[in-house]
file entry_16.txt (compact mmCIF, C-alpha atoms)
# COMPACT_ATOMS: atom_id res chain seq x y z
CA MET A 1272 118.15 88.39 37.29
CA ASN A 1273 119.26 84.87 38.09
CA ARG A 1274 118.69 83.92 34.45
CA TYR A 1275 121.43 86.27 33.23
CA PHE A 1276 123.59 86.47 36.33
CA PRO A 1277 123.15 83.11 38.03
CA TYR A 1278 124.24 82.64 41.59
CA PRO A 1279 127.23 80.38 42.18
CA THR A 1280 126.50 76.73 42.80
CA GLU A 1281 124.76 76.28 46.14
CA SER A 1282 127.24 75.89 48.95
CA LYS A 1283 127.75 72.42 50.32
CA VAL A 1284 126.06 71.94 53.66
CA ASP A 1285 128.43 70.34 56.15
CA VAL A 1286 126.10 70.50 59.17
CA ASP A 1287 123.56 67.86 60.15
CA ALA A 1288 119.92 68.74 60.81
CA SER A 1289 120.10 68.42 64.61
CA THR A 1290 123.12 70.74 64.78
CA GLN A 1291 121.36 73.28 62.56
CA GLU A 1292 118.39 73.25 64.92
CA SER A 1293 120.49 73.64 68.08
CA ASP A 1294 122.70 76.32 66.52
CA GLY A 1295 119.56 78.17 65.41
CA ARG A 1296 118.48 78.39 69.04
CA LYS A 1297 122.00 79.31 70.13
CA VAL A 1298 122.34 82.31 67.80
CA SER A 1299 118.79 83.59 68.26
CA GLY A 1300 118.64 86.86 70.18
CA VAL A 1301 118.88 90.63 69.92
CA TYR A 1302 121.98 92.30 68.46
CA ASP A 1303 123.25 95.86 68.23
CA GLY A 1304 125.56 97.20 65.50
CA THR A 1305 129.01 98.44 66.47
CA ARG A 1306 128.55 101.65 64.44
CA ARG A 1307 126.50 103.40 67.10
CA GLY A 1308 126.53 106.18 69.66
CA GLU A 1309 127.58 104.87 73.07
CA THR A 1310 128.76 107.80 75.22
CA THR A 1311 126.11 110.43 74.36
CA PHE A 1312 122.34 110.49 74.35
CA LEU A 1313 122.46 109.34 70.72
CA LYS A 1314 122.64 105.93 72.39
CA LEU A 1315 118.85 106.20 72.18
CA LEU A 1316 119.11 105.77 68.41
CA ALA A 1317 121.23 102.66 68.92
CA LEU A 1318 118.44 101.24 71.07
CA LEU A 1319 115.98 101.74 68.23
CA GLY A 1320 118.49 100.22 65.78
CA GLN A 1321 118.74 96.87 67.54
CA PHE A 1322 117.72 93.87 65.44
CA LYS A 1323 116.51 90.39 66.31
CA VAL A 1324 117.81 87.13 64.91
CA SER A 1325 115.24 84.32 64.98
CA GLY A 1326 115.49 80.63 64.11
CA ASP A 1327 112.66 78.28 63.16
CA LYS A 1328 112.31 74.60 64.10
CA ASP A 1329 114.66 73.62 61.26
CA GLY A 1330 117.36 76.12 62.22
CA ILE A 1331 116.61 78.48 59.31
CA LEU A 1332 117.36 82.06 60.41
CA THR A 1333 115.73 85.40 59.69
CA VAL A 1334 117.26 88.75 60.64
CA GLU A 1335 114.93 91.61 61.52
CA GLY A 1336 114.97 94.31 58.84
CA ASN A 1337 117.12 92.26 56.43
CA LYS A 1338 114.89 91.91 53.37
CA ASN A 1339 115.35 90.87 49.76
CA GLN A 1340 114.21 92.77 46.68
CA SER A 1341 110.72 91.30 47.06
CA GLY A 1342 110.35 92.90 50.46
CA GLU A 1343 110.48 89.56 52.28
CA LEU A 1344 112.87 88.68 55.07
CA LYS A 1345 115.93 86.85 53.80
CA LYS A 1346 116.34 83.30 55.05
CA TRP A 1347 119.68 81.85 56.09
CA LYS A 1348 120.75 78.22 56.24
CA GLU A 1349 123.77 76.92 58.12
CA ILE A 1350 126.45 75.50 55.80
CA ALA A 1351 129.30 75.28 58.34
CA PRO A 1352 129.52 75.71 62.10
CA LEU A 1353 127.90 79.14 62.79
CA VAL A 1354 128.26 80.13 59.11
CA TYR A 1355 125.06 80.77 57.18
CA ASN A 1356 124.33 81.19 53.49
CA GLU A 1357 121.32 83.05 52.12
CA VAL A 1358 118.63 80.70 50.86
CA ASP A 1359 118.31 81.28 47.09
CA GLY A 1360 121.05 83.88 47.32
CA SER A 1361 124.80 84.38 47.55
CA GLU A 1362 125.24 86.40 50.74
CA ARG A 1363 126.67 84.97 53.93
CA ILE A 1364 126.68 85.80 57.61
CA ALA A 1365 128.59 84.22 60.45
CA PHE A 1366 128.49 84.21 64.23
CA ARG A 1367 131.32 84.30 66.73
CA SER A 1368 131.27 82.68 70.16
CA ASP A 1369 133.37 83.31 73.25
CA ALA A 1370 135.42 80.89 75.33
CA SER A 1371 132.29 79.55 77.01
CA ALA A 1372 130.72 78.76 73.60
CA ALA A 1373 128.10 81.49 74.04
CA VAL A 1374 127.37 83.35 70.79
CA THR A 1375 128.33 87.00 71.19
CA GLU A 1376 128.60 88.53 67.70
CA ILE A 1377 127.13 88.41 64.22
CA LEU A 1378 129.34 89.28 61.25
CA PRO A 1379 128.00 90.12 57.80
CA PHE A 1380 130.06 89.66 54.66
CA PRO A 1381 132.07 91.74 54.08
CA ALA A 1382 132.58 92.31 57.80
CA ILE A 1383 132.63 96.13 57.75
CA TYR A 1384 130.87 96.15 61.13
CA GLU A 1385 129.73 93.67 63.74
CA GLY A 1386 126.54 93.02 65.57
CA GLN A 1387 127.07 92.53 69.29
CA ARG A 1388 124.63 90.46 71.27
CA VAL A 1389 122.57 92.47 73.71
CA PRO A 1390 121.72 91.14 77.19
CA TRP A 1391 118.00 90.73 77.85
CA TYR A 1392 117.81 93.73 80.21
CA ALA A 1393 119.26 96.06 77.53
CA SER A 1394 117.12 94.82 74.63
CA LYS A 1395 114.67 97.22 73.04
CA THR A 1396 111.84 94.84 73.86
CA PHE A 1397 112.51 94.87 77.61
CA VAL A 1398 113.36 98.57 77.74
CA GLY A 1399 110.33 99.38 75.60
CA VAL A 1400 107.97 97.46 77.87
CA VAL A 1401 109.36 98.93 81.10
CA ILE A 1402 109.88 102.53 80.01
CA GLY A 1403 106.95 102.58 77.60
CA GLY A 1404 104.67 101.18 80.29
CA ASN A 1405 105.89 103.77 82.78
CA LEU A 1406 105.38 106.63 80.31
CA LEU A 1407 101.89 105.36 79.50
CA LEU A 1408 101.06 105.28 83.22
CA ALA A 1409 102.50 108.79 83.61
CA LEU A 1410 100.46 110.05 80.66
CA LEU A 1411 97.22 108.59 81.98
CA THR A 1412 98.00 109.99 85.43
CA VAL A 1413 98.45 113.50 84.04
CA LEU A 1414 95.38 113.31 81.79
CA LEU A 1415 93.07 111.99 84.52
CA TRP A 1416 94.39 114.33 87.19
CA PRO A 1417 92.07 117.27 86.37
CA VAL A 1418 89.15 114.88 85.87
CA ALA A 1419 89.62 113.46 89.36
CA VAL A 1420 89.88 116.98 90.82
CA VAL A 1421 86.59 118.05 89.20
CA ILE A 1422 84.78 114.93 90.40
CA ARG A 1423 86.00 115.31 93.99
CA LYS A 1424 84.99 118.97 94.05
CA ARG A 1425 81.60 118.13 92.58
CA TYR A 1426 80.85 115.62 95.33
CA ARG A 1427 82.83 117.47 98.02
CA GLN A 1428 85.06 114.49 98.74
CA PRO A 1429 88.62 115.70 99.40
CA LEU A 1430 91.28 113.08 98.86
CA PHE A 1431 93.54 114.22 101.69
CA THR A 1432 93.13 115.95 105.02
CA THR A 1433 96.71 117.17 105.52
CA LYS A 1434 98.70 119.71 103.57
CA THR A 1435 101.76 117.40 103.36
CA ASP A 1436 99.78 114.73 101.53
CA ARG A 1437 98.30 117.28 99.13
CA VAL A 1438 101.77 118.63 98.31
CA LEU A 1439 103.19 115.14 97.71
CA TYR A 1440 100.22 114.31 95.49
CA PHE A 1441 100.68 117.50 93.47
CA VAL A 1442 104.45 116.98 93.11
CA SER A 1443 103.97 113.36 91.99
CA ARG A 1444 101.79 114.56 89.11
CA ILE A 1445 104.32 117.21 88.13
CA VAL A 1446 107.04 114.54 88.10
CA CYS A 1447 104.91 112.41 85.75
CA LEU A 1448 104.59 115.40 83.43
CA GLY A 1449 108.34 115.99 83.67
CA GLU A 1450 109.13 112.41 82.60
CA LEU A 1451 107.10 112.94 79.44
CA VAL A 1452 108.85 116.25 78.74
CA LEU A 1453 112.34 114.77 79.23
CA ILE A 1454 111.62 112.13 76.58
CA LEU A 1455 109.67 114.26 74.11
CA ALA A 1456 111.97 117.32 74.13
CA PRO A 1457 115.03 115.71 72.45
CA ILE A 1458 112.80 113.78 70.04
CA ILE A 1459 111.09 116.99 68.89
CA ALA A 1460 114.38 118.91 68.74
CA PHE A 1461 116.11 116.36 66.53
CA SER A 1462 113.11 115.82 64.31
CA GLN A 1463 113.14 119.57 63.67
CA GLY A 1464 116.90 119.42 63.19
CA LEU A 1465 116.46 117.00 60.30
CA GLU A 1466 114.52 119.72 58.48
CA HIS A 1467 116.56 122.70 59.68
CA ILE A 1468 120.13 121.53 60.25
CA VAL A 1469 121.14 124.85 61.81
CA ILE A 1470 119.17 123.87 64.90
CA LEU A 1471 121.74 121.17 65.62
CA GLY A 1472 124.60 123.69 65.76
CA ASP A 1473 125.69 125.86 68.66
CA ALA A 1474 122.16 127.23 68.95
CA ILE A 1475 121.04 124.02 70.64
CA ASN A 1476 123.66 124.15 73.41
CA PRO A 1477 121.66 126.31 75.87
CA TRP A 1478 118.67 124.02 75.39
CA LEU A 1479 120.80 120.94 76.07
CA GLN A 1480 122.13 122.52 79.25
CA ALA A 1481 118.60 123.36 80.32
CA LEU A 1482 117.51 119.80 79.58
CA HIS A 1483 120.32 118.39 81.73
CA ILE A 1484 119.43 120.66 84.65
CA PHE A 1485 115.76 119.81 84.24
CA GLY A 1486 116.68 116.11 84.27
CA TRP A 1487 118.45 116.37 87.61
CA PHE A 1488 115.53 118.27 89.14
CA LEU A 1489 113.34 115.47 87.84
CA MET A 1490 115.53 112.88 89.56
CA ALA A 1491 114.97 114.75 92.83
CA GLY A 1492 111.27 114.47 92.05
CA VAL A 1493 111.65 110.70 91.69
CA VAL A 1494 112.86 110.61 95.30
CA LEU A 1495 109.65 112.40 96.27
CA LEU A 1496 107.68 109.77 94.32
CA ILE A 1497 109.22 107.11 96.56
CA ILE A 1498 108.43 109.12 99.69
CA ALA A 1499 104.87 109.68 98.48
CA ALA A 1500 104.38 105.95 97.81
CA ILE A 1501 105.58 105.02 101.30
CA ARG A 1502 103.28 107.61 102.86
CA PHE A 1503 100.20 106.92 100.70
CA VAL A 1504 100.35 103.17 101.33
CA ARG A 1505 99.95 103.84 105.04
CA LEU A 1506 96.99 106.17 104.70
CA PRO A 1507 93.69 104.80 106.01
CA ARG A 1508 90.47 104.74 103.98
CA HIS A 1509 92.23 104.64 100.62
CA GLY A 1510 91.57 101.83 98.20
CA LEU A 1511 93.94 99.19 96.90
CA TRP A 1512 94.12 100.84 93.46
CA PHE A 1513 95.22 104.14 94.97
CA GLN A 1514 98.01 102.41 96.88
CA ALA A 1515 99.04 100.26 93.90
CA HIS A 1516 99.09 103.35 91.67
CA ALA A 1517 101.43 105.18 94.05
CA ILE A 1518 103.75 102.16 94.21
CA LEU A 1519 103.79 101.77 90.40
CA LEU A 1520 104.63 105.46 89.96
CA ALA A 1521 107.57 105.07 92.37
CA ILE A 1522 108.87 101.90 90.69
CA GLY A 1523 108.41 103.46 87.25
CA GLY A 1524 110.23 106.59 88.42
CA ILE A 1525 113.20 104.52 89.57
CA ALA A 1526 113.28 102.66 86.25
CA PHE A 1527 113.05 105.96 84.38
CA GLY A 1528 115.94 107.38 86.41
CA VAL A 1529 118.14 104.38 85.56
CA PHE A 1530 117.14 104.72 81.91
CA ALA A 1531 117.95 108.46 81.85
CA TRP A 1532 121.36 107.77 83.40
CA GLN A 1533 122.23 104.85 81.13
CA TYR A 1534 121.23 106.75 77.99
CA HIS A 1535 123.05 109.94 78.98
CA LEU A 1536 120.04 112.21 79.33
CA LEU A 1537 121.62 113.56 82.52
CA ASP A 1538 125.16 114.12 81.19
CA ALA A 1539 126.57 117.63 81.30
CA SER A 1540 128.38 117.07 77.99
CA LEU A 1541 127.15 118.97 74.92
CA ARG A 1542 128.57 116.41 72.51
CA PHE A 1543 126.28 114.30 70.38
call {"tool": "encode", "arguments": {"input": "entry_16.txt", "output": "structure tokens"}}
result
Amino acid sequence: MNRYFPYPTESKVDVDASTQESDGRKVSGVYDGTRRGETTFLKLLALLGQFKVSGDKDGILTVEGNKNQSGELKKWKEIAPLVYNEVDGSERIAFRSDASAAVTEILPFPAIYEGQRVPWYASKTFVGVVIGGNLLLALLTVLLWPVAVVIRKRYRQPLFTTKTDRVLYFVSRIVCLGELVLILAPIIAFSQGLEHIVILGDAINPWLQALHIFGWFLMAGVVLLIIAAIRFVRLPRHGLWFQAHAILLAIGGIAFGVFAWQYHLLDASLRF
């Protein structure tokens, strides 16, 4: 292609090597496009759409998901302060900083949208580790629950001696199951909606309302997870793993509640 439609002459680089290296570190981070859902639970899709900008030791950048025709990540070299030209290409990107000189935005060319820098606690990596780890713990808890019951019955070793503890234990497992349902339900619904668009019409409204109500009941269950953790830690003759497991379920429940609130899984609105 370059033989018949050659790229313009390579842009003059007006940035020294040390500045390229420092600017590469400065612009590296996770960004989120401005064309995204922000006030509905479609914010979940925006989380998945975040992209990472990385710089190597020479200040050459790569942008996650930005590939050339060969399927390789495009490389970008700084040609002016916070302005980058594609290596062996003609495209450009630029970054914008605020009054404190902190880089806050990435702008493609043409600038039909912007990429806004995401704080570390809102990045898909951090959220994925925290929420994904909690959901994995919840899944294992639910799967191993009947196994533990069978083993205790087989050897006639009850876990608790009081009814209150047994109820809290049972409810904590139901809450774990509920966390999985609250995440999987919208994913399944919208995956089906991609094949049958009518599902995403008014027919989904009662299910959304039910999901919101279920979410608030689940948040009440998270409070019980905290109560259960406080109580189980004080129980005698229970191992360290049992106590740590109860604490992790409570912490994970709190994190899941914040996640559900931030990503509008608890909103009463039917808009999406």
call {"tool": "closest_atom_pairs", "arguments": {"input": "entry_16.txt", "of": "region 1302-1388 of chain A", "to": "region 1522-1530 of chain A", "cutoff": "12 Å", "atoms": "only C-alpha atoms", "output": "CSV"}}
result
residue,atom,partner,partner_atom,distance
A:Phe1312,CA,A:Phe1530,CA,10.8
A:Lys1314,CA,A:Phe1530,CA,11.1
A:Leu1315,CA,A:Phe1530,CA,10.0
A:Leu1318,CA,A:Phe1530,CA,11.5
call {"tool": "closest_residue", "arguments": {"input": "entry_16.txt", "among": "A:Glu1349, A:Thr1396, A:Phe1513, A:Arg1306", "to": "Phe1322 (chain A)", "atoms": "all atoms listed in the file"}}
result
A:Thr1396
call {"tool": "closest_residue", "arguments": {"input": "entry_16.txt", "among": "A:Gly1404, A:Gly1472, A:Gly1449, A:Gly1326", "to": "Ala1491 (chain A)", "atoms": "all atoms listed in the file"}}
result
A:Gly1449
call {"tool": "residues_near_point", "arguments": {"input": "entry_16.txt", "point": "(121.2, 74.2, 63.0)", "cutoff": "8 Å", "atoms": "only C-alpha atoms", "output": "PyMOL selection string"}}
result
chain A and resi 1286-1296+1329-1331+1348-1349
call {"tool": "residues_around", "arguments": {"input": "entry_16.txt", "residues": "region 1433-1439 of chain A", "least_positions_apart": "2", "cutoff": "10 Å", "atoms": "only C-alpha atoms", "output": "list in words"}}
result
Pro1429, Leu1430, Phe1431, Phe1441, Val1442, Ser1443, Arg1444, Ile1445, Gly1492, Leu1495, Leu1496, Ile1498, Ala1499, Ala1500, Arg1502, Phe1503 and Leu1506 of chain A
call {"tool": "atom_distance", "arguments": {"input": "entry_16.txt", "atom1": "CA of Ser1361 (chain A)", "atom2": "CA of Phe1380 (chain A)"}}
result
10.3 Å
call {"tool": "decode", "arguments": {"input": "entry_16.txt", "residues": "region 1510-1526 of chain A", "atoms": "all heavy atoms", "output": "PDB file, in the first residue's frame"}}
result
ATOM      1  N   GLY A1510     -11.746 -23.052  63.515  1.00  0.00           N
ATOM      2  CA  GLY A1510     -10.413 -22.787  63.007  1.00  0.00           C
ATOM      3  C   GLY A1510     -10.239 -21.402  62.406  1.00  0.00           C
ATOM      4  O   GLY A1510     -11.206 -20.660  62.172  1.00  0.00           O
ATOM      5  N   LEU A1511      -8.970 -21.079  62.144  1.00  0.00           N
ATOM      6  CA  LEU A1511      -8.634 -19.777  61.570  1.00  0.00           C
ATOM      7  C   LEU A1511      -9.238 -19.609  60.183  1.00  0.00           C
ATOM      8  O   LEU A1511      -9.698 -18.521  59.826  1.00  0.00           O
ATOM      9  CB  LEU A1511      -7.110 -19.636  61.501  1.00  0.00           C
ATOM     10  CG  LEU A1511      -6.575 -18.317  60.926  1.00  0.00           C
ATOM     11  CD1 LEU A1511      -7.019 -17.140  61.777  1.00  0.00           C
ATOM     12  CD2 LEU A1511      -5.051 -18.358  60.820  1.00  0.00           C
ATOM     13  N   TRP A1512      -9.261 -20.685  59.378  1.00  0.00           N
ATOM     14  CA  TRP A1512      -9.820 -20.587  58.031  1.00  0.00           C
ATOM     15  C   TRP A1512     -11.305 -20.265  58.081  1.00  0.00           C
ATOM     16  O   TRP A1512     -11.795 -19.458  57.283  1.00  0.00           O
ATOM     17  CB  TRP A1512      -9.589 -21.881  57.257  1.00  0.00           C
ATOM     18  CG  TRP A1512     -10.459 -21.972  56.035  1.00  0.00           C
ATOM     19  CD1 TRP A1512     -11.425 -22.882  55.784  1.00  0.00           C
ATOM     20  CD2 TRP A1512     -10.464 -21.075  54.915  1.00  0.00           C
ATOM     21  NE1 TRP A1512     -12.042 -22.633  54.576  1.00  0.00           N
ATOM     22  CE2 TRP A1512     -11.464 -21.525  54.022  1.00  0.00           C
ATOM     23  CE3 TRP A1512      -9.723 -19.946  54.586  1.00  0.00           C
ATOM     24  CZ2 TRP A1512     -11.739 -20.874  52.822  1.00  0.00           C
ATOM     25  CZ3 TRP A1512     -10.002 -19.296  53.384  1.00  0.00           C
ATOM     26  CH2 TRP A1512     -11.000 -19.766  52.516  1.00  0.00           C
ATOM     27  N   PHE A1513     -12.030 -20.878  58.999  1.00  0.00           N
ATOM     28  CA  PHE A1513     -13.458 -20.597  59.128  1.00  0.00           C
ATOM     29  C   PHE A1513     -13.693 -19.123  59.445  1.00  0.00           C
ATOM     30  O   PHE A1513     -14.564 -18.473  58.863  1.00  0.00           O
ATOM     31  CB  PHE A1513     -14.060 -21.480  60.230  1.00  0.00           C
ATOM     32  CG  PHE A1513     -15.512 -21.207  60.507  1.00  0.00           C
ATOM     33  CD1 PHE A1513     -16.508 -21.766  59.721  1.00  0.00           C
ATOM     34  CD2 PHE A1513     -15.886 -20.362  61.545  1.00  0.00           C
ATOM     35  CE1 PHE A1513     -17.849 -21.500  59.967  1.00  0.00           C
ATOM     36  CE2 PHE A1513     -17.225 -20.094  61.798  1.00  0.00           C
ATOM     37  CZ  PHE A1513     -18.204 -20.675  61.003  1.00  0.00           C
ATOM     38  N   GLN A1514     -12.890 -18.583  60.352  1.00  0.00           N
ATOM     39  CA  GLN A1514     -13.044 -17.174  60.727  1.00  0.00           C
ATOM     40  C   GLN A1514     -12.632 -16.253  59.585  1.00  0.00           C
ATOM     41  O   GLN A1514     -13.311 -15.256  59.295  1.00  0.00           O
ATOM     42  CB  GLN A1514     -12.207 -16.889  61.971  1.00  0.00           C
ATOM     43  CG  GLN A1514     -12.667 -17.665  63.210  1.00  0.00           C
ATOM     44  CD  GLN A1514     -11.713 -17.514  64.371  1.00  0.00           C
ATOM     45  OE1 GLN A1514     -10.587 -17.058  64.213  1.00  0.00           O
ATOM     46  NE2 GLN A1514     -12.164 -17.910  65.563  1.00  0.00           N
ATOM     47  N   ALA A1515     -11.513 -16.598  58.914  1.00  0.00           N
ATOM     48  CA  ALA A1515     -11.059 -15.775  57.793  1.00  0.00           C
ATOM     49  C   ALA A1515     -12.072 -15.801  56.655  1.00  0.00           C
ATOM     50  O   ALA A1515     -12.320 -14.772  55.999  1.00  0.00           O
ATOM     51  CB  ALA A1515      -9.694 -16.271  57.307  1.00  0.00           C
ATOM     52  N   HIS A1516     -12.681 -16.961  56.419  1.00  0.00           N
ATOM     53  CA  HIS A1516     -13.681 -17.091  55.364  1.00  0.00           C
ATOM     54  C   HIS A1516     -14.883 -16.201  55.631  1.00  0.00           C
ATOM     55  O   HIS A1516     -15.389 -15.513  54.737  1.00  0.00           O
ATOM     56  CB  HIS A1516     -14.106 -18.557  55.252  1.00  0.00           C
ATOM     57  CG  HIS A1516     -15.112 -18.807  54.177  1.00  0.00           C
ATOM     58  ND1 HIS A1516     -16.399 -19.231  54.448  1.00  0.00           N
ATOM     59  CD2 HIS A1516     -15.043 -18.663  52.832  1.00  0.00           C
ATOM     60  CE1 HIS A1516     -17.059 -19.364  53.320  1.00  0.00           C
ATOM     61  NE2 HIS A1516     -16.267 -19.027  52.327  1.00  0.00           N
ATOM     62  N   ALA A1517     -15.342 -16.176  56.884  1.00  0.00           N
ATOM     63  CA  ALA A1517     -16.480 -15.327  57.248  1.00  0.00           C
ATOM     64  C   ALA A1517     -16.144 -13.850  57.061  1.00  0.00           C
ATOM     65  O   ALA A1517     -16.967 -13.063  56.573  1.00  0.00           O
ATOM     66  CB  ALA A1517     -16.888 -15.604  58.696  1.00  0.00           C
ATOM     67  N   ILE A1518     -14.915 -13.460  57.434  1.00  0.00           N
ATOM     68  CA  ILE A1518     -14.498 -12.062  57.279  1.00  0.00           C
ATOM     69  C   ILE A1518     -14.402 -11.686  55.802  1.00  0.00           C
ATOM     70  O   ILE A1518     -14.848 -10.609  55.384  1.00  0.00           O
ATOM     71  CB  ILE A1518     -13.149 -11.829  57.987  1.00  0.00           C
ATOM     72  CG1 ILE A1518     -13.317 -11.978  59.498  1.00  0.00           C
ATOM     73  CG2 ILE A1518     -12.597 -10.446  57.653  1.00  0.00           C
ATOM     74  CD1 ILE A1518     -12.012 -11.942  60.262  1.00  0.00           C
ATOM     75  N   LEU A1519     -13.834 -12.580  54.983  1.00  0.00           N
ATOM     76  CA  LEU A1519     -13.703 -12.304  53.550  1.00  0.00           C
ATOM     77  C   LEU A1519     -15.069 -12.187  52.880  1.00  0.00           C
ATOM     78  O   LEU A1519     -15.260 -11.350  51.991  1.00  0.00           O
ATOM     79  CB  LEU A1519     -12.880 -13.399  52.884  1.00  0.00           C
ATOM     80  CG  LEU A1519     -11.378 -13.384  53.180  1.00  0.00           C
ATOM     81  CD1 LEU A1519     -10.701 -14.602  52.578  1.00  0.00           C
ATOM     82  CD2 LEU A1519     -10.730 -12.106  52.662  1.00  0.00           C
ATOM     83  N   LEU A1520     -16.022 -13.016  53.288  1.00  0.00           N
ATOM     84  CA  LEU A1520     -17.371 -12.913  52.726  1.00  0.00           C
ATOM     85  C   LEU A1520     -17.996 -11.564  53.064  1.00  0.00           C
ATOM     86  O   LEU A1520     -18.667 -10.951  52.229  1.00  0.00           O
ATOM     87  CB  LEU A1520     -18.251 -14.046  53.256  1.00  0.00           C
ATOM     88  CG  LEU A1520     -18.005 -15.446  52.688  1.00  0.00           C
ATOM     89  CD1 LEU A1520     -18.987 -16.443  53.311  1.00  0.00           C
ATOM     90  CD2 LEU A1520     -18.127 -15.467  51.176  1.00  0.00           C
ATOM     91  N   ALA A1521     -17.767 -11.083  54.296  1.00  0.00           N
ATOM     92  CA  ALA A1521     -18.326  -9.788  54.706  1.00  0.00           C
ATOM     93  C   ALA A1521     -17.675  -8.646  53.931  1.00  0.00           C
ATOM     94  O   ALA A1521     -18.362  -7.753  53.417  1.00  0.00           O
ATOM     95  CB  ALA A1521     -18.138  -9.596  56.207  1.00  0.00           C
ATOM     96  N   ILE A1522     -16.341  -8.667  53.827  1.00  0.00           N
ATOM     97  CA  ILE A1522     -15.636  -7.615  53.087  1.00  0.00           C
ATOM     98  C   ILE A1522     -16.038  -7.642  51.612  1.00  0.00           C
ATOM     99  O   ILE A1522     -16.287  -6.608  50.989  1.00  0.00           O
ATOM    100  CB  ILE A1522     -14.114  -7.781  53.238  1.00  0.00           C
ATOM    101  CG1 ILE A1522     -13.705  -7.562  54.692  1.00  0.00           C
ATOM    102  CG2 ILE A1522     -13.368  -6.816  52.319  1.00  0.00           C
ATOM    103  CD1 ILE A1522     -12.238  -7.840  54.970  1.00  0.00           C
ATOM    104  N   GLY A1523     -16.102  -8.857  51.043  1.00  0.00           N
ATOM    105  CA  GLY A1523     -16.517  -8.988  49.650  1.00  0.00           C
ATOM    106  C   GLY A1523     -17.946  -8.513  49.442  1.00  0.00           C
ATOM    107  O   GLY A1523     -18.264  -7.901  48.413  1.00  0.00           O
ATOM    108  N   GLY A1524     -18.816  -8.766  50.406  1.00  0.00           N
ATOM    109  CA  GLY A1524     -20.201  -8.304  50.312  1.00  0.00           C
ATOM    110  C   GLY A1524     -20.289  -6.786  50.305  1.00  0.00           C
ATOM    111  O   GLY A1524     -21.071  -6.191  49.549  1.00  0.00           O
ATOM    112  N   ILE A1525     -19.481  -6.152  51.146  1.00  0.00           N
ATOM    113  CA  ILE A1525     -19.452  -4.680  51.170  1.00  0.00           C
ATOM    114  C   ILE A1525     -18.963  -4.140  49.830  1.00  0.00           C
ATOM    115  O   ILE A1525     -19.552  -3.203  49.266  1.00  0.00           O
ATOM    116  CB  ILE A1525     -18.551  -4.183  52.317  1.00  0.00           C
ATOM    117  CG1 ILE A1525     -19.151  -4.577  53.671  1.00  0.00           C
ATOM    118  CG2 ILE A1525     -18.365  -2.673  52.239  1.00  0.00           C
ATOM    119  CD1 ILE A1525     -18.232  -4.300  54.845  1.00  0.00           C
ATOM    120  N   ALA A1526     -17.877  -4.730  49.305  1.00  0.00           N
ATOM    121  CA  ALA A1526     -17.353  -4.297  48.009  1.00  0.00           C
ATOM    122  C   ALA A1526     -18.388  -4.511  46.908  1.00  0.00           C
ATOM    123  O   ALA A1526     -18.554  -3.662  46.019  1.00  0.00           O
ATOM    124  CB  ALA A1526     -16.067  -5.068  47.689  1.00  0.00           C
TER     125      ALA A1526
END
